[in-house]
file start_2.cif (mmCIF, C-alpha atoms and all ligand atoms)
data_my_file
loop_
_atom_site.group_PDB
_atom_site.id
_atom_site.type_symbol
_atom_site.label_atom_id
_atom_site.label_comp_id
_atom_site.auth_asym_id
_atom_site.auth_seq_id
_atom_site.Cartn_x
_atom_site.Cartn_y
_atom_site.Cartn_z
ATOM 1 C CA MET A 1 1.128 4.200 -34.854
ATOM 2 C CA SER A 2 4.057 1.995 -35.794
ATOM 3 C CA LYS A 3 5.636 1.824 -39.245
ATOM 4 C CA SER A 4 3.582 -1.303 -39.881
ATOM 5 C CA GLY A 5 0.380 0.690 -39.383
ATOM 6 C CA VAL A 6 -0.519 -1.255 -36.264
ATOM 7 C CA ILE A 7 -1.394 0.729 -33.143
ATOM 8 C CA PRO A 8 0.430 -0.801 -30.156
ATOM 9 C CA PRO A 9 -1.832 -1.978 -27.299
ATOM 10 C CA SER A 10 -0.138 0.514 -24.962
ATOM 11 C CA LYS A 11 -1.615 3.375 -27.028
ATOM 12 C CA LEU A 12 -5.215 2.146 -27.016
ATOM 13 C CA ILE A 13 -7.953 3.777 -24.924
ATOM 14 C CA ILE A 14 -10.553 1.565 -23.278
ATOM 15 C CA PRO A 15 -13.896 1.502 -25.108
ATOM 16 C CA LEU A 16 -16.204 3.230 -22.663
ATOM 17 C CA ASP A 17 -19.652 1.724 -22.326
ATOM 18 C CA THR A 18 -22.115 1.817 -19.465
ATOM 19 C CA HIS A 19 -20.537 -1.213 -17.757
ATOM 20 C CA ILE A 20 -16.977 0.100 -17.891
ATOM 21 C CA ALA A 21 -18.095 3.534 -16.702
ATOM 22 C CA ARG A 22 -20.089 2.161 -13.751
ATOM 23 C CA ILE A 23 -17.645 -0.525 -12.635
ATOM 24 C CA GLY A 24 -14.736 1.861 -13.220
ATOM 25 C CA GLN A 25 -16.363 4.218 -10.721
ATOM 26 C CA TYR A 26 -16.939 1.382 -8.240
ATOM 27 C CA LEU A 27 -13.265 0.381 -8.461
ATOM 28 C CA GLY A 28 -11.955 3.915 -8.163
ATOM 29 C CA LEU A 29 -10.521 3.833 -11.672
ATOM 30 C CA THR A 30 -12.251 7.139 -12.314
ATOM 31 C CA SER A 31 -13.621 9.951 -10.216
ATOM 32 C CA ARG A 32 -15.534 11.468 -13.114
ATOM 33 C CA LYS A 33 -19.338 11.433 -13.231
ATOM 34 C CA THR A 34 -19.739 11.879 -16.965
ATOM 35 C CA ALA A 35 -18.954 8.993 -19.281
ATOM 36 C CA ASP A 36 -16.834 10.814 -21.805
ATOM 37 C CA TRP A 37 -13.391 10.819 -23.395
ATOM 38 C CA LYS A 38 -11.791 12.132 -20.213
ATOM 39 C CA MET A 39 -13.279 9.253 -18.223
ATOM 40 C CA ALA A 40 -12.054 6.711 -20.797
ATOM 41 C CA LYS A 41 -8.573 8.239 -20.598
ATOM 42 C CA GLU A 42 -8.594 8.270 -16.785
ATOM 43 C CA ILE A 43 -9.693 4.638 -16.556
ATOM 44 C CA THR A 44 -7.061 3.636 -19.117
ATOM 45 C CA ASP A 45 -4.338 5.544 -17.269
ATOM 46 C CA ASN A 46 -5.247 3.796 -14.028
ATOM 47 C CA LEU A 47 -5.321 0.386 -15.728
ATOM 48 C CA LYS A 48 -1.823 1.161 -17.030
ATOM 49 C CA GLU A 49 -0.600 0.977 -13.452
ATOM 50 C CA MET A 50 -1.369 -2.760 -13.605
ATOM 51 C CA ASP A 51 -0.112 -3.294 -17.167
ATOM 52 C CA PRO A 52 1.412 -0.367 -19.054
ATOM 53 C CA SER A 53 1.932 -2.482 -22.165
ATOM 54 C CA ASP A 54 -1.726 -3.507 -22.563
ATOM 55 C CA PRO A 55 -4.165 -1.713 -20.239
ATOM 56 C CA VAL A 56 -7.157 -2.438 -22.464
ATOM 57 C CA LYS A 57 -6.869 -6.178 -21.844
ATOM 58 C CA TYR A 58 -9.031 -5.558 -18.772
ATOM 59 C CA ASP A 59 -11.906 -4.349 -20.926
ATOM 60 C CA PHE A 60 -13.498 -7.751 -21.523
ATOM 61 C CA PRO A 61 -13.404 -9.064 -17.924
ATOM 62 C CA LEU A 62 -14.691 -5.781 -16.477
ATOM 63 C CA CYS A 63 -17.384 -5.354 -19.103
ATOM 64 C CA HIS A 64 -18.408 -9.013 -18.781
ATOM 65 C CA LEU A 65 -19.148 -8.488 -15.068
ATOM 66 C CA GLY A 66 -21.885 -6.080 -16.098
ATOM 67 C CA ILE A 67 -23.128 -7.912 -19.191
ATOM 68 C CA SER A 68 -23.408 -11.250 -17.376
ATOM 69 C CA GLY A 69 -25.302 -9.734 -14.465
ATOM 70 C CA SER A 70 -22.547 -10.684 -12.031
ATOM 71 C CA CYS A 71 -22.353 -6.977 -11.170
ATOM 72 C CA PRO A 72 -25.897 -5.698 -11.678
ATOM 73 C CA ILE A 73 -26.857 -2.028 -12.018
ATOM 74 C CA PHE A 74 -28.511 -2.172 -8.627
ATOM 75 C CA PRO A 75 -25.853 -3.615 -6.317
ATOM 76 C CA ASN A 76 -26.760 -6.969 -4.880
ATOM 77 C CA PRO A 77 -25.061 -7.950 -1.588
ATOM 78 C CA GLU A 78 -25.230 -11.652 -2.449
ATOM 79 C CA LYS A 79 -23.290 -11.049 -5.664
ATOM 80 C CA CYS A 80 -20.807 -8.704 -4.000
ATOM 81 C CA ARG A 81 -20.025 -11.262 -1.294
ATOM 82 C CA VAL A 82 -18.644 -13.691 -3.901
ATOM 83 C CA CYS A 83 -17.135 -11.101 -6.249
ATOM 84 C CA PRO A 84 -13.350 -11.367 -6.622
ATOM 85 C CA LEU A 85 -13.168 -7.569 -6.965
ATOM 86 C CA LEU A 86 -14.813 -6.920 -3.596
ATOM 87 C CA PRO A 87 -11.608 -5.867 -1.752
ATOM 88 C CA ALA A 88 -11.022 -3.163 -4.390
ATOM 89 C CA CYS A 89 -14.643 -2.122 -4.832
ATOM 90 C CA LYS A 90 -15.946 0.957 -3.031
ATOM 91 C CA MET A 91 -19.563 0.099 -3.858
ATOM 92 C CA GLY A 92 -19.318 -3.515 -2.748
ATOM 93 C CA MET A 93 -17.566 -2.629 0.494
ATOM 94 C CA ALA A 94 -20.124 0.095 1.210
ATOM 95 C CA ILE A 95 -23.195 -2.106 0.761
ATOM 96 C CA LEU A 96 -21.717 -4.927 2.840
ATOM 97 C CA LYS A 97 -20.952 -2.705 5.836
HETATM 98 S S1 LIG B 1 -18.152 -6.068 -5.384
HETATM 99 FE FE1 LIG B 1 -20.290 -5.866 -6.043
HETATM 100 S S2 LIG B 1 -20.512 -3.811 -6.868
HETATM 101 FE FE2 LIG B 1 -18.301 -4.293 -6.752
HETATM 102 S S3 LIG B 1 -17.738 -5.094 -8.769
HETATM 103 FE FE3 LIG B 1 -18.247 -6.840 -7.465
HETATM 104 S S4 LIG B 1 -20.440 -7.240 -7.808
HETATM 105 FE FE4 LIG B 1 -19.989 -5.166 -8.578
#
call {"tool": "encode", "arguments": {"input": "start_2.cif", "output": "structure tokens"}}
result
Amino acid sequence: MSKSGVIPPSKLIIPLDTHIARIGQYLGLTSRKTADWKMAKEITDNLKEMDPSDPVKYDFPLCHLGISGSCPIFPNPEKCRVCPLLPACKMGMAILK
């Protein structure tokens, strides 16, 4: 925490919900099966490779994929075909083989 009492974005850990856990697994951001603190830390550490200063900024877009139904619990080939994350998604690539 800084002297101002504000936690810098680089120190935040992604809030882990069912969408972040599932899509994080699809994208290879975590290899863990259990949605726990270690998974949240692993996903955050991998997101830091894209932006070390603010890895949690990816929370909303990733979570929104699940909430909106764009990435449903049961993978849907039609949705995967138009998903911008397809090239990085193990699940999407597997079901479109
Ligand atoms: S490619 Fe398919 S499974 Fe992967 S994130 Fe996109 S919609 Fe979800």
call {"tool": "resolve_selection", "arguments": {"input": "start_2.cif", "expression": "the PyMOL selection byres (((chain A and resi 73) around 12) and not hetatm)", "output": "count of residues only"}}
result
20
call {"tool": "axis_aligned_box", "arguments": {"input": "start_2.cif", "around": "range 5-22 of chain A", "padding_each_side": "6 Å", "output": "lines of an AutoDock Vina configuration file"}}
result
center_x = -10.8
center_y = 0.9
center_z = -26.6
size_x = 34.5
size_y = 17.8
size_z = 37.6
call {"tool": "atom_distance", "arguments": {"input": "start_2.cif", "atom1": "CA of Asp17 in chain A", "atom2": "CA of Glu78 in chain A"}}
result
24.6 Å
call {"tool": "closest_residue", "arguments": {"input": "start_2.cif", "among": "A:Leu29, A:Ala94, A:Ile13, A:Cys83", "to": "ligand LIG 1 (chain B)", "atoms": "all atoms listed in the file"}}
result
A:Cys83
call {"tool": "resolve_selection", "arguments": {"input": "start_2.cif", "expression": "the PyMOL selection byres (((chain A and resi 56) around 12) and not hetatm)", "output": "PDB file with C-alpha atoms, keeping the file's coordinate frame"}}
result
ATOM      1  CA  PRO A   8       0.430  -0.801 -30.156  1.00  0.00           C
ATOM      2  CA  PRO A   9      -1.832  -1.978 -27.299  1.00  0.00           C
ATOM      3  CA  SER A  10      -0.138   0.514 -24.962  1.00  0.00           C
ATOM      4  CA  LYS A  11      -1.615   3.375 -27.028  1.00  0.00           C
ATOM      5  CA  LEU A  12      -5.215   2.146 -27.016  1.00  0.00           C
ATOM      6  CA  ILE A  13      -7.953   3.777 -24.924  1.00  0.00           C
ATOM      7  CA  ILE A  14     -10.553   1.565 -23.278  1.00  0.00           C
ATOM      8  CA  PRO A  15     -13.896   1.502 -25.108  1.00  0.00           C
ATOM      9  CA  LEU A  16     -16.204   3.230 -22.663  1.00  0.00           C
ATOM     10  CA  ILE A  20     -16.977   0.100 -17.891  1.00  0.00           C
ATOM     11  CA  ALA A  40     -12.054   6.711 -20.797  1.00  0.00           C
ATOM     12  CA  LYS A  41      -8.573   8.239 -20.598  1.00  0.00           C
ATOM     13  CA  ILE A  43      -9.693   4.638 -16.556  1.00  0.00           C
ATOM     14  CA  THR A  44      -7.061   3.636 -19.117  1.00  0.00           C
ATOM     15  CA  ASP A  45      -4.338   5.544 -17.269  1.00  0.00           C
ATOM     16  CA  ASN A  46      -5.247   3.796 -14.028  1.00  0.00           C
ATOM     17  CA  LEU A  47      -5.321   0.386 -15.728  1.00  0.00           C
ATOM     18  CA  LYS A  48      -1.823   1.161 -17.030  1.00  0.00           C
ATOM     19  CA  GLU A  49      -0.600   0.977 -13.452  1.00  0.00           C
ATOM     20  CA  MET A  50      -1.369  -2.760 -13.605  1.00  0.00           C
ATOM     21  CA  ASP A  51      -0.112  -3.294 -17.167  1.00  0.00           C
ATOM     22  CA  PRO A  52       1.412  -0.367 -19.054  1.00  0.00           C
ATOM     23  CA  SER A  53       1.932  -2.482 -22.165  1.00  0.00           C
ATOM     24  CA  ASP A  54      -1.726  -3.507 -22.563  1.00  0.00           C
ATOM     25  CA  PRO A  55      -4.165  -1.713 -20.239  1.00  0.00           C
ATOM     26  CA  LYS A  57      -6.869  -6.178 -21.844  1.00  0.00           C
ATOM     27  CA  TYR A  58      -9.031  -5.558 -18.772  1.00  0.00           C
ATOM     28  CA  ASP A  59     -11.906  -4.349 -20.926  1.00  0.00           C
ATOM     29  CA  PHE A  60     -13.498  -7.751 -21.523  1.00  0.00           C
ATOM     30  CA  PRO A  61     -13.404  -9.064 -17.924  1.00  0.00           C
ATOM     31  CA  LEU A  62     -14.691  -5.781 -16.477  1.00  0.00           C
ATOM     32  CA  CYS A  63     -17.384  -5.354 -19.103  1.00  0.00           C
TER      33      CYS A  63
END
call {"tool": "closest_residue", "arguments": {"input": "start_2.cif", "among": "A:Thr34, A:Gly92, A:Val82, A:Met39", "to": "ligand LIG 1 (chain B)", "atoms": "only C-alpha atoms and all ligand atoms"}}
result
A:Gly92
call {"tool": "closest_residue", "arguments": {"input": "start_2.cif", "among": "A:Ala35, A:Leu27, A:Ile7, A:Cys80", "to": "ligand LIG 1 (chain B)", "atoms": "only C-alpha atoms and all ligand atoms"}}
result
A:Cys80
call {"tool": "atom_distance", "arguments": {"input": "start_2.cif", "atom1": "atom FE4 of ligand LIG 1 (chain B)", "atom2": "CA of Pro87 in chain A"}}
result
10.8 Å
call {"tool": "atom_distance", "arguments": {"input": "start_2.cif", "atom1": "CA of His64 in chain A", "atom2": "CA of Thr30 in chain A"}}
result
18.5 Å
call {"tool": "decode", "arguments": {"input": "start_2.cif", "residues": "chain A", "atoms": "C-alpha atoms", "output": "tab-separated table (two decimals), in the first residue's frame"}}
result
chain	number	residue	atom	x	y	z
A	1	MET	CA	0.00	0.00	0.00
A	2	SER	CA	1.29	3.47	-0.80
A	3	LYS	CA	1.62	6.30	1.71
A	4	SER	CA	-1.68	7.65	0.42
A	5	GLY	CA	-3.42	4.43	1.45
A	6	VAL	CA	-4.19	3.52	-2.14
A	7	ILE	CA	-3.21	0.04	-3.32
A	8	PRO	CA	-1.51	0.32	-6.72
A	9	PRO	CA	-3.18	-1.65	-9.55
A	10	SER	CA	0.00	-3.71	-9.96
A	11	LYS	CA	-0.57	-5.20	-6.49
A	12	LEU	CA	-4.19	-6.24	-7.02
A	13	ILE	CA	-5.25	-9.88	-7.49
A	14	ILE	CA	-7.99	-10.67	-9.98
A	15	PRO	CA	-11.38	-11.33	-8.37
A	16	LEU	CA	-11.93	-15.00	-9.08
A	17	ASP	CA	-15.46	-15.97	-10.05
A	18	THR	CA	-16.74	-18.87	-12.09
A	19	HIS	CA	-16.25	-17.02	-15.40
A	20	ILE	CA	-12.66	-15.99	-14.71
A	21	ALA	CA	-11.79	-19.47	-13.46
A	22	ARG	CA	-13.29	-21.23	-16.50
A	23	ILE	CA	-12.07	-18.83	-19.18
A	24	GLY	CA	-8.70	-18.58	-17.44
A	25	GLN	CA	-8.37	-22.35	-17.86
A	26	TYR	CA	-9.43	-22.15	-21.51
A	27	LEU	CA	-6.78	-19.49	-22.19
A	28	GLY	CA	-4.03	-21.30	-20.33
A	29	LEU	CA	-3.80	-18.57	-17.72
A	30	THR	CA	-4.01	-21.27	-15.07
A	31	SER	CA	-3.38	-24.98	-14.90
A	32	ARG	CA	-5.14	-25.35	-11.57
A	33	LYS	CA	-8.44	-27.21	-11.26
A	34	THR	CA	-9.61	-25.64	-8.02
A	35	ALA	CA	-10.84	-22.06	-8.03
A	36	ASP	CA	-8.92	-20.77	-5.06
A	37	TRP	CA	-6.40	-18.13	-4.02
A	38	LYS	CA	-3.58	-19.94	-5.82
A	39	MET	CA	-5.58	-19.91	-9.06
A	40	ALA	CA	-6.35	-16.19	-8.67
A	41	LYS	CA	-2.64	-15.52	-8.11
A	42	GLU	CA	-1.60	-17.66	-11.09
A	43	ILE	CA	-4.07	-15.97	-13.43
A	44	THR	CA	-2.96	-12.54	-12.20
A	45	ASP	CA	0.71	-13.42	-12.66
A	46	ASN	CA	0.06	-14.54	-16.22
A	47	LEU	CA	-1.97	-11.40	-16.97
A	48	LYS	CA	1.01	-9.39	-15.70
A	49	GLU	CA	2.96	-10.63	-18.70
A	50	MET	CA	0.62	-8.48	-20.83
A	51	ASP	CA	0.49	-5.52	-18.43
A	52	PRO	CA	2.56	-5.61	-15.25
A	53	SER	CA	1.23	-2.23	-14.14
A	54	ASP	CA	-2.46	-3.21	-14.22
A	55	PRO	CA	-3.13	-6.93	-14.79
A	56	VAL	CA	-6.62	-6.75	-13.30
A	57	LYS	CA	-7.84	-4.50	-16.10
A	58	TYR	CA	-8.58	-7.71	-18.00
A	59	ASP	CA	-11.10	-8.79	-15.38
A	60	PHE	CA	-14.12	-7.04	-16.90
A	61	PRO	CA	-13.63	-8.12	-20.54
A	62	LEU	CA	-12.90	-11.74	-19.58
A	63	CYS	CA	-15.73	-11.95	-17.08
A	64	HIS	CA	-18.13	-10.25	-19.52
A	65	LEU	CA	-17.52	-13.03	-22.07
A	66	GLY	CA	-19.09	-15.44	-19.61
A	67	ILE	CA	-21.80	-13.16	-18.22
A	68	SER	CA	-23.00	-12.12	-21.68
A	69	GLY	CA	-23.17	-15.70	-22.92
A	70	SER	CA	-20.56	-15.01	-25.59
A	71	CYS	CA	-18.53	-17.82	-24.00
A	72	PRO	CA	-21.14	-20.20	-22.59
A	73	ILE	CA	-20.45	-22.91	-20.01
A	74	PHE	CA	-21.00	-25.54	-22.66
A	75	PRO	CA	-18.73	-24.51	-25.53
A	76	ASN	CA	-20.58	-23.57	-28.66
A	77	PRO	CA	-18.66	-23.88	-31.96
A	78	GLU	CA	-20.66	-21.06	-33.55
A	79	LYS	CA	-19.61	-18.68	-30.77
A	80	CYS	CA	-16.00	-19.87	-30.80
A	81	ARG	CA	-15.72	-19.29	-34.55
A	82	VAL	CA	-16.31	-15.54	-34.08
A	83	CYS	CA	-14.53	-15.17	-30.74
A	84	PRO	CA	-11.50	-12.85	-30.85
A	85	LEU	CA	-9.78	-15.06	-28.26
A	86	LEU	CA	-9.98	-18.19	-30.40
A	87	PRO	CA	-6.27	-18.26	-31.41
A	88	ALA	CA	-5.30	-18.27	-27.71
A	89	CYS	CA	-8.07	-20.57	-26.49
A	90	LYS	CA	-7.34	-24.25	-25.93
A	91	MET	CA	-11.04	-25.09	-25.58
A	92	GLY	CA	-12.11	-23.20	-28.69
A	93	MET	CA	-9.34	-24.68	-30.81
A	94	ALA	CA	-10.14	-28.18	-29.53
A	95	ILE	CA	-13.86	-28.06	-30.34
A	96	LEU	CA	-13.26	-26.60	-33.80
A	97	LYS	CA	-10.81	-29.33	-34.84
